[in-house]
file work-v9.tsv (TSV, C-alpha atoms and all ligand atoms)
chain	number	residue	atom	x	y	z
A	1	MET	CA	-2.16	4.18	13.85
A	2	ARG	CA	-4.69	1.38	13.83
A	3	ILE	CA	-5.50	-0.41	10.57
A	4	ASP	CA	-8.17	-3.07	10.24
A	5	VAL	CA	-8.20	-5.21	7.10
A	6	PHE	CA	-11.30	-7.18	6.18
A	7	THR	CA	-10.38	-10.18	4.08
A	8	LEU	CA	-11.30	-13.74	3.21
A	9	VAL	CA	-7.63	-14.75	3.37
A	10	PRO	CA	-6.11	-13.43	6.62
A	11	HIS	CA	-3.21	-15.88	6.50
A	12	ALA	CA	-2.02	-14.21	3.28
A	13	PHE	CA	-0.73	-11.36	5.47
A	14	ALA	CA	1.65	-13.54	7.52
A	15	TRP	CA	4.63	-12.72	5.32
A	16	LEU	CA	4.08	-8.96	5.46
A	17	THR	CA	3.76	-8.91	9.24
A	18	GLU	CA	7.14	-10.62	9.56
A	19	GLN	CA	8.92	-8.08	7.36
A	20	ARG	CA	10.25	-4.65	8.15
A	21	PRO	CA	8.90	-2.03	8.44
A	22	VAL	CA	5.54	-3.56	9.41
A	23	ALA	CA	7.13	-6.08	11.81
A	24	ASN	CA	9.02	-3.31	13.66
A	25	LEU	CA	5.94	-1.16	14.08
A	26	LEU	CA	3.50	-3.80	15.31
A	27	GLY	CA	2.70	-3.37	18.97
A	28	GLY	CA	3.99	0.20	18.78
A	29	GLU	CA	3.12	2.79	16.13
A	30	LEU	CA	0.98	0.31	14.20
A	31	GLU	CA	-1.85	-1.86	15.40
A	32	LEU	CA	-3.08	-4.26	12.72
A	33	ARG	CA	-6.22	-6.38	12.85
A	34	LEU	CA	-7.03	-8.95	10.19
A	35	ILE	CA	-10.75	-9.64	10.16
A	36	ASN	CA	-12.27	-12.53	8.26
A	37	TYR	CA	-15.70	-11.83	6.76
A	38	ARG	CA	-16.55	-15.48	7.38
A	39	ASP	CA	-16.27	-15.02	11.16
A	40	SER	CA	-19.31	-12.74	11.26
A	41	THR	CA	-21.28	-13.72	8.17
A	42	PRO	CA	-25.00	-14.02	8.92
A	43	LEU	CA	-25.26	-16.77	6.30
A	44	ARG	CA	-24.92	-20.48	6.83
A	45	ALA	CA	-21.75	-22.49	6.30
A	46	GLY	CA	-19.55	-19.40	6.09
A	47	GLN	CA	-21.19	-18.18	2.89
A	48	VAL	CA	-20.12	-14.67	1.90
A	49	ASP	CA	-20.91	-14.36	-1.82
A	50	ASP	CA	-23.80	-14.86	-4.19
A	51	GLU	CA	-24.74	-14.89	-7.86
A	52	PRO	CA	-25.06	-11.50	-9.57
A	53	TYR	CA	-28.55	-10.18	-10.20
A	54	GLY	CA	-29.06	-9.95	-13.93
A	55	GLY	CA	-26.87	-12.97	-14.53
A	56	GLY	CA	-23.31	-13.20	-15.70
A	57	ALA	CA	-20.10	-14.82	-14.63
A	58	GLY	CA	-18.67	-15.00	-11.14
A	59	MET	CA	-19.87	-14.39	-7.63
A	60	VAL	CA	-20.33	-11.10	-5.76
A	61	LEU	CA	-19.34	-10.34	-2.15
A	62	ARG	CA	-22.64	-9.64	-0.36
A	63	VAL	CA	-23.46	-6.29	1.22
A	64	ASP	CA	-25.09	-7.91	4.29
A	65	VAL	CA	-21.88	-9.87	4.89
A	66	VAL	CA	-19.70	-6.74	4.77
A	67	ALA	CA	-22.20	-4.86	6.98
A	68	ALA	CA	-22.20	-7.72	9.50
A	69	GLY	CA	-18.39	-7.57	9.59
A	70	LEU	CA	-18.48	-3.82	10.33
A	71	ASP	CA	-21.22	-4.33	12.94
A	72	ALA	CA	-19.19	-7.02	14.70
A	73	ALA	CA	-16.00	-4.96	14.68
A	74	TYR	CA	-17.43	-1.47	15.39
A	75	GLY	CA	-21.12	-1.84	16.27
A	76	GLY	CA	-22.10	-0.17	12.98
A	77	VAL	CA	-20.43	1.91	10.30
A	78	PRO	CA	-17.59	3.72	12.05
A	79	SER	CA	-16.80	7.39	11.54
A	80	HIS	CA	-13.18	6.79	10.47
A	81	ARG	CA	-12.20	6.24	6.85
A	82	ILE	CA	-13.26	2.96	5.27
A	83	VAL	CA	-11.49	2.22	2.02
A	84	ALA	CA	-12.94	-0.26	-0.46
A	85	LEU	CA	-10.13	-1.77	-2.51
A	86	THR	CA	-11.27	-1.91	-6.09
A	87	PRO	CA	-9.79	-1.37	-9.56
A	88	GLN	CA	-12.51	1.24	-9.95
A	89	GLY	CA	-11.25	3.45	-7.11
A	90	ARG	CA	-9.02	6.52	-7.22
A	91	GLN	CA	-5.44	5.64	-8.03
A	92	LEU	CA	-2.94	5.08	-5.23
A	93	THR	CA	-0.03	7.54	-5.40
A	94	GLN	CA	2.58	8.62	-2.86
A	95	GLU	CA	0.38	11.65	-2.18
A	96	VAL	CA	-2.56	9.38	-1.30
A	97	VAL	CA	-0.24	7.27	0.89
A	98	GLU	CA	0.84	10.40	2.82
A	99	GLU	CA	-2.82	11.38	3.21
A	100	LEU	CA	-3.76	7.96	4.62
A	101	ALA	CA	-0.70	7.78	6.89
A	102	ARG	CA	-2.02	10.88	8.70
A	103	GLU	CA	-5.19	9.03	9.77
A	104	GLU	CA	-5.37	7.59	13.27
A	105	ARG	CA	-7.62	4.76	12.18
A	106	LEU	CA	-8.20	3.18	8.83
A	107	THR	CA	-10.21	0.23	7.57
A	108	LEU	CA	-9.44	-1.57	4.32
A	109	LEU	CA	-12.15	-3.71	2.73
A	110	SER	CA	-10.88	-6.29	0.29
A	111	ALA	CA	-12.98	-8.48	-1.96
A	112	ARG	CA	-12.48	-11.52	-4.16
A	113	PHE	CA	-14.53	-13.01	-7.00
A	114	GLU	CA	-16.28	-10.32	-9.13
A	115	GLY	CA	-15.89	-7.78	-6.33
A	116	PHE	CA	-18.31	-6.07	-3.92
A	117	ASP	CA	-22.03	-5.61	-4.20
A	118	GLU	CA	-22.15	-1.94	-5.31
A	119	ARG	CA	-24.01	-0.98	-2.12
A	120	VAL	CA	-20.77	-1.57	-0.19
A	121	ALA	CA	-19.12	1.26	-2.10
A	122	ILE	CA	-22.19	3.50	-1.88
A	123	HIS	CA	-23.29	2.99	1.74
A	124	LEU	CA	-20.51	1.37	3.76
A	125	ALA	CA	-17.18	2.59	2.40
A	126	SER	CA	-16.15	6.24	2.49
A	127	ASP	CA	-13.32	5.93	-0.02
A	128	ALA	CA	-12.33	3.60	-2.87
A	129	ILE	CA	-8.75	3.02	-3.96
A	130	SER	CA	-7.12	1.12	-6.81
A	131	ILE	CA	-3.43	0.23	-6.63
A	132	GLY	CA	-3.14	0.44	-10.42
A	133	PRO	CA	-4.99	0.07	-13.71
A	134	TYR	CA	-5.01	-3.73	-13.80
A	135	VAL	CA	-7.12	-6.43	-12.21
A	136	LEU	CA	-5.84	-8.77	-9.50
A	137	SER	CA	-7.71	-11.79	-8.18
A	138	GLY	CA	-8.32	-10.36	-4.74
A	139	GLY	CA	-7.82	-7.37	-2.48
A	140	GLU	CA	-5.12	-8.99	-0.34
A	141	LEU	CA	-2.18	-7.83	-2.45
A	142	PRO	CA	-3.63	-4.31	-2.78
A	143	ALA	CA	-4.15	-4.22	1.00
A	144	MET	CA	-0.56	-5.33	1.57
A	145	VAL	CA	0.75	-2.76	-0.88
A	146	MET	CA	-1.11	-0.07	1.03
A	147	LEU	CA	-0.03	-1.38	4.44
A	148	ASP	CA	3.61	-1.41	3.45
A	149	ALA	CA	3.50	2.02	1.83
A	150	ILE	CA	1.68	3.54	4.81
A	151	ALA	CA	3.92	1.80	7.37
A	152	ARG	CA	7.01	3.36	5.75
A	153	ARG	CA	5.58	6.79	6.57
A	154	LEU	CA	4.97	6.10	10.26
A	155	PRO	CA	7.43	7.34	12.90
A	156	GLY	CA	10.23	4.88	13.59
A	157	ALA	CA	9.62	2.80	10.45
A	158	LEU	CA	12.89	3.63	8.74
A	159	ALA	CA	16.33	4.90	9.50
A	160	GLU	CA	15.77	8.65	9.47
A	161	GLU	CA	17.39	9.57	6.17
A	162	SER	CA	16.22	6.67	4.03
A	163	GLY	CA	12.59	7.76	4.33
A	164	VAL	CA	13.28	11.37	3.43
A	165	LEU	CA	15.15	11.35	0.13
A	166	GLU	CA	12.99	8.91	-1.76
A	167	SER	CA	11.26	8.84	-5.10
A	168	PHE	CA	8.16	11.10	-5.07
A	169	SER	CA	9.28	12.90	-1.89
A	170	PRO	CA	9.04	16.72	-1.59
A	171	GLU	CA	12.82	16.74	-1.04
A	172	LEU	CA	13.19	15.54	-4.65
A	173	ASP	CA	10.37	17.83	-5.86
A	174	GLY	CA	8.14	14.78	-6.26
A	175	GLY	CA	10.60	13.28	-8.77
A	176	LEU	CA	12.50	10.00	-8.95
A	177	GLU	CA	15.45	9.16	-6.77
A	178	TYR	CA	19.01	9.32	-8.15
A	179	PRO	CA	20.91	6.08	-8.91
A	180	HIS	CA	22.75	4.17	-6.19
A	181	TYR	CA	25.99	2.20	-6.49
A	182	THR	CA	27.98	0.04	-4.06
A	183	ARG	CA	31.16	-2.09	-4.14
A	184	PRO	CA	32.87	-3.20	-6.31
A	185	SER	CA	33.72	0.13	-7.91
A	186	GLU	CA	34.36	-1.70	-11.18
A	187	PHE	CA	32.70	-4.93	-12.36
A	188	ARG	CA	33.14	-6.35	-15.89
A	189	GLY	CA	34.41	-2.94	-16.92
A	190	TRP	CA	31.25	-1.22	-15.57
A	191	ARG	CA	32.59	1.63	-13.49
A	192	VAL	CA	30.85	3.57	-10.76
A	193	PRO	CA	30.57	7.28	-11.71
A	194	GLU	CA	33.82	8.94	-10.67
A	195	VAL	CA	32.09	11.70	-8.70
A	196	LEU	CA	30.74	9.18	-6.16
A	197	LEU	CA	34.29	8.05	-5.35
A	198	SER	CA	35.60	11.61	-5.05
A	199	GLY	CA	34.66	12.22	-1.40
A	200	ASP	CA	33.52	15.73	-2.45
A	201	HIS	CA	30.05	15.88	-0.88
A	202	ARG	CA	29.05	19.14	-2.54
A	203	ARG	CA	29.73	17.67	-6.01
A	204	ILE	CA	28.01	14.42	-5.02
A	205	ASP	CA	24.87	16.29	-3.90
A	206	GLU	CA	24.81	18.29	-7.13
A	207	TRP	CA	25.29	15.15	-9.24
A	208	ARG	CA	22.48	13.37	-7.41
A	209	LYS	CA	20.07	16.28	-7.82
A	210	GLU	CA	20.90	16.47	-11.51
A	211	GLN	CA	20.40	12.70	-11.95
A	212	SER	CA	17.07	12.89	-10.14
A	213	ARG	CA	16.00	15.77	-12.37
A	214	LEU	CA	17.06	13.94	-15.56
A	215	ARG	CA	15.25	10.74	-14.59
A	216	SER	CA	12.11	12.57	-13.58
A	217	SER	CA	11.87	14.48	-16.83
A	218	ALA	CA	12.46	11.37	-19.00
A	219	PRO	CA	9.34	10.43	-21.02
B	301	LIG	C1	-11.18	-9.94	-9.68
B	301	LIG	S1	-11.26	-8.42	-8.79
B	301	LIG	C2	-12.81	-7.77	-9.33
B	301	LIG	C3	-12.70	-6.95	-10.56
B	301	LIG	C4	-14.02	-6.32	-10.97
B	301	LIG	N1	-14.92	-7.31	-11.42
B	301	LIG	C5	-13.75	-5.30	-12.06
B	301	LIG	O1	-13.78	-5.66	-13.25
B	301	LIG	O2	-13.52	-4.11	-11.75
B	301	LIG	C6	-11.59	-8.94	-7.15
B	301	LIG	C7	-11.18	-7.98	-6.08
B	301	LIG	O3	-9.77	-7.83	-6.07
B	301	LIG	C8	-9.40	-6.54	-5.61
B	301	LIG	N2	-8.64	-5.85	-6.66
B	301	LIG	C9	-8.31	-6.36	-7.87
B	301	LIG	N3	-7.57	-5.49	-8.58
B	301	LIG	C10	-7.40	-4.39	-7.79
B	301	LIG	C11	-6.73	-3.15	-7.97
B	301	LIG	N4	-6.09	-2.84	-9.10
B	301	LIG	N5	-6.75	-2.28	-6.94
B	301	LIG	C12	-7.41	-2.55	-5.79
B	301	LIG	N6	-8.08	-3.71	-5.58
B	301	LIG	C13	-8.08	-4.63	-6.56
B	301	LIG	C14	-10.71	-5.81	-5.28
B	301	LIG	O4	-11.01	-5.96	-3.90
B	301	LIG	C15	-11.70	-6.56	-6.18
B	301	LIG	O5	-13.02	-6.43	-5.75
call {"tool": "encode", "arguments": {"input": "work-v9.tsv", "output": "structure tokens"}}
result
Amino acid sequence: MRIDVFTLVPHAFAWLTEQRPVANLLGGELELRLINYRDSTPLRAGQVDDEPYGGGAGMVLRVDVVAAGLDAAYGGVPSHRIVALTPQGRQLTQEVVEELAREERLTLLSARFEGFDERVAIHLASDAISIGPYVLSGGELPAMVMLDAIARRLPGALAEESGVLESFSPELDGGLEYPHYTRPSEFRGWRVPEVLLSGDHRRIDEWRKEQSRLRSSAP
């Protein structure tokens, strides 16, 4: 899969690209390009934003700047999916992650300041996604959230089993994962559930399914 991220802060992604699973996939299943709007802005002195028409606080990422970025990268608006990251988009869920992970190519547009000129969403992007109902200062964290979530779904990202039985997976009927415990089996009087120490894998499977069901039905 090839993912291009348009950003004003490409160096913000350094940490993510050094971490698994993204680090493992780069150069193989995942090709990642970080594209700075300032590198192709048609404006002087690296300008990318401007004051909002009608007045008001903050600056707006210009449509001609985003279009110039797409022109430089693709020679126009490409036919693959272009996602504008915005709190006003459809909400990111595991289902949306699975949908995006099936794409061969994907472009993420992030903004800063007050956000995009609305014409970006209308004419340049083909999708708009929010990572949650709150406002962050820029699209870099949302882009990284999406990159990490998508990367986990690509072949070879995870040890086979750990990517299968996870919260929101079909194997758990879309519910939450069961609790995990590790050594010590007792700490400050807090004991690991006896069933997990029993070695009886049928009982352990049943207990885990039941725990998943209980957690998923909790209000
Ligand atoms: C300060 S926010 C702009 C918020 C916008 N003025 C609003 O009220 O909807 C700047 C940029 O950060 C990114 N951003 C912030 N919160 C986000 C979220 N929950 N999901 C996706 N992107 C977000 C978007 O790219 C957004 O354009």
call {"tool": "residues_around", "arguments": {"input": "work-v9.tsv", "residues": "Ala23 (chain A)", "least_positions_apart": "5", "cutoff": "12 Å", "atoms": "only C-alpha atoms", "output": "ChimeraX atom specification"}}
result
/A:13-18,28-32,147-148,151-152,156-158
call {"tool": "closest_residue", "arguments": {"input": "work-v9.tsv", "among": "A:Thr7, A:Gln19, A:Gln88, A:Thr41", "to": "ligand LIG 301 (chain B)", "atoms": "all atoms listed in the file"}}
result
A:Gln88
call {"tool": "atom_distance", "arguments": {"input": "work-v9.tsv", "atom1": "atom S1 of ligand LIG 301 (chain B)", "atom2": "CA of Leu154 (chain A)"}}
result
28.9 Å
call {"tool": "residues_near_ligand", "arguments": {"input": "work-v9.tsv", "ligand": "ligand LIG 301 (chain B)", "cutoff": "7 Å", "atoms": "all atoms listed in the file", "output": "VMD selection string"}}
result
chain A and resid 84 to 88 110 to 116 129 to 139 142
call {"tool": "write_last_selection", "arguments": {"input": "work-v9.tsv", "atoms": "C-alpha atoms", "output": "compact mmCIF listing (two decimals), in the coordinates of the input"}}
result
# COMPACT_ATOMS: atom_id res chain seq x y z
CA ALA A 84 -12.94 -0.26 -0.46
CA LEU A 85 -10.13 -1.77 -2.51
CA THR A 86 -11.27 -1.91 -6.09
CA PRO A 87 -9.79 -1.37 -9.56
CA GLN A 88 -12.51 1.24 -9.95
CA SER A 110 -10.88 -6.29 0.29
CA ALA A 111 -12.98 -8.48 -1.96
CA ARG A 112 -12.48 -11.52 -4.16
CA PHE A 113 -14.53 -13.01 -7.00
CA GLU A 114 -16.28 -10.32 -9.13
CA GLY A 115 -15.89 -7.78 -6.33
CA PHE A 116 -18.31 -6.07 -3.92
CA ILE A 129 -8.75 3.02 -3.96
CA SER A 130 -7.12 1.12 -6.81
CA ILE A 131 -3.43 0.23 -6.63
CA GLY A 132 -3.14 0.44 -10.42
CA PRO A 133 -4.99 0.07 -13.71
CA TYR A 134 -5.01 -3.73 -13.80
CA VAL A 135 -7.12 -6.43 -12.21
CA LEU A 136 -5.84 -8.77 -9.50
CA SER A 137 -7.71 -11.79 -8.18
CA GLY A 138 -8.32 -10.36 -4.74
CA GLY A 139 -7.82 -7.37 -2.48
CA PRO A 142 -3.63 -4.31 -2.78
call {"tool": "closest_residue", "arguments": {"input": "work-v9.tsv", "among": "A:Arg183, A:Phe6, A:Ala128, A:Ile82", "to": "Glu103 (chain A)", "atoms": "only C-alpha atoms"}}
result
A:Ile82
call {"tool": "closest_residue", "arguments": {"input": "work-v9.tsv", "among": "A:Ala45, A:Ile122, A:Val22, A:Leu108", "to": "Ala143 (chain A)", "atoms": "only C-alpha atoms"}}
result
A:Leu108
call {"tool": "closest_residue", "arguments": {"input": "work-v9.tsv", "among": "A:Leu106, A:Leu92, A:Val60, A:Leu196", "to": "Val145 (chain A)", "atoms": "all atoms listed in the file"}}
result
A:Leu92
call {"tool": "closest_residue", "arguments": {"input": "work-v9.tsv", "among": "A:Val63, A:Leu100, A:Ala57, A:Val48", "to": "Arg81 (chain A)", "atoms": "only C-alpha atoms"}}
result
A:Leu100
call {"tool": "residues_around", "arguments": {"input": "work-v9.tsv", "residues": "Glu206 (chain A)", "least_positions_apart": "6", "cutoff": "12 Å", "atoms": "only C-alpha atoms", "output": "JSON, numbers by chain"}}
result
{"A": [178, 195, 196, 200, 212, 213]}
call {"tool": "closest_residue", "arguments": {"input": "work-v9.tsv", "among": "A:Leu70, A:Leu172, A:Met1, A:Leu197", "to": "Pro184 (chain A)", "atoms": "all atoms listed in the file"}}
result
A:Leu197
call {"tool": "atom_distance", "arguments": {"input": "work-v9.tsv", "atom1": "CA of Pro179 (chain A)", "atom2": "CA of Glu99 (chain A)"}}
result
27.2 Å
call {"tool": "atom_distance", "arguments": {"input": "work-v9.tsv", "atom1": "CA of Arg105 (chain A)", "atom2": "CA of Glu118 (chain A)"}}
result
23.7 Å
call {"tool": "residues_near_point", "arguments": {"input": "work-v9.tsv", "point": "(-15.4, 5.8, 7.0)", "cutoff": "6 Å", "atoms": "all atoms listed in the file", "output": "ChimeraX atom specification"}}
result
/A:78-82,125-126
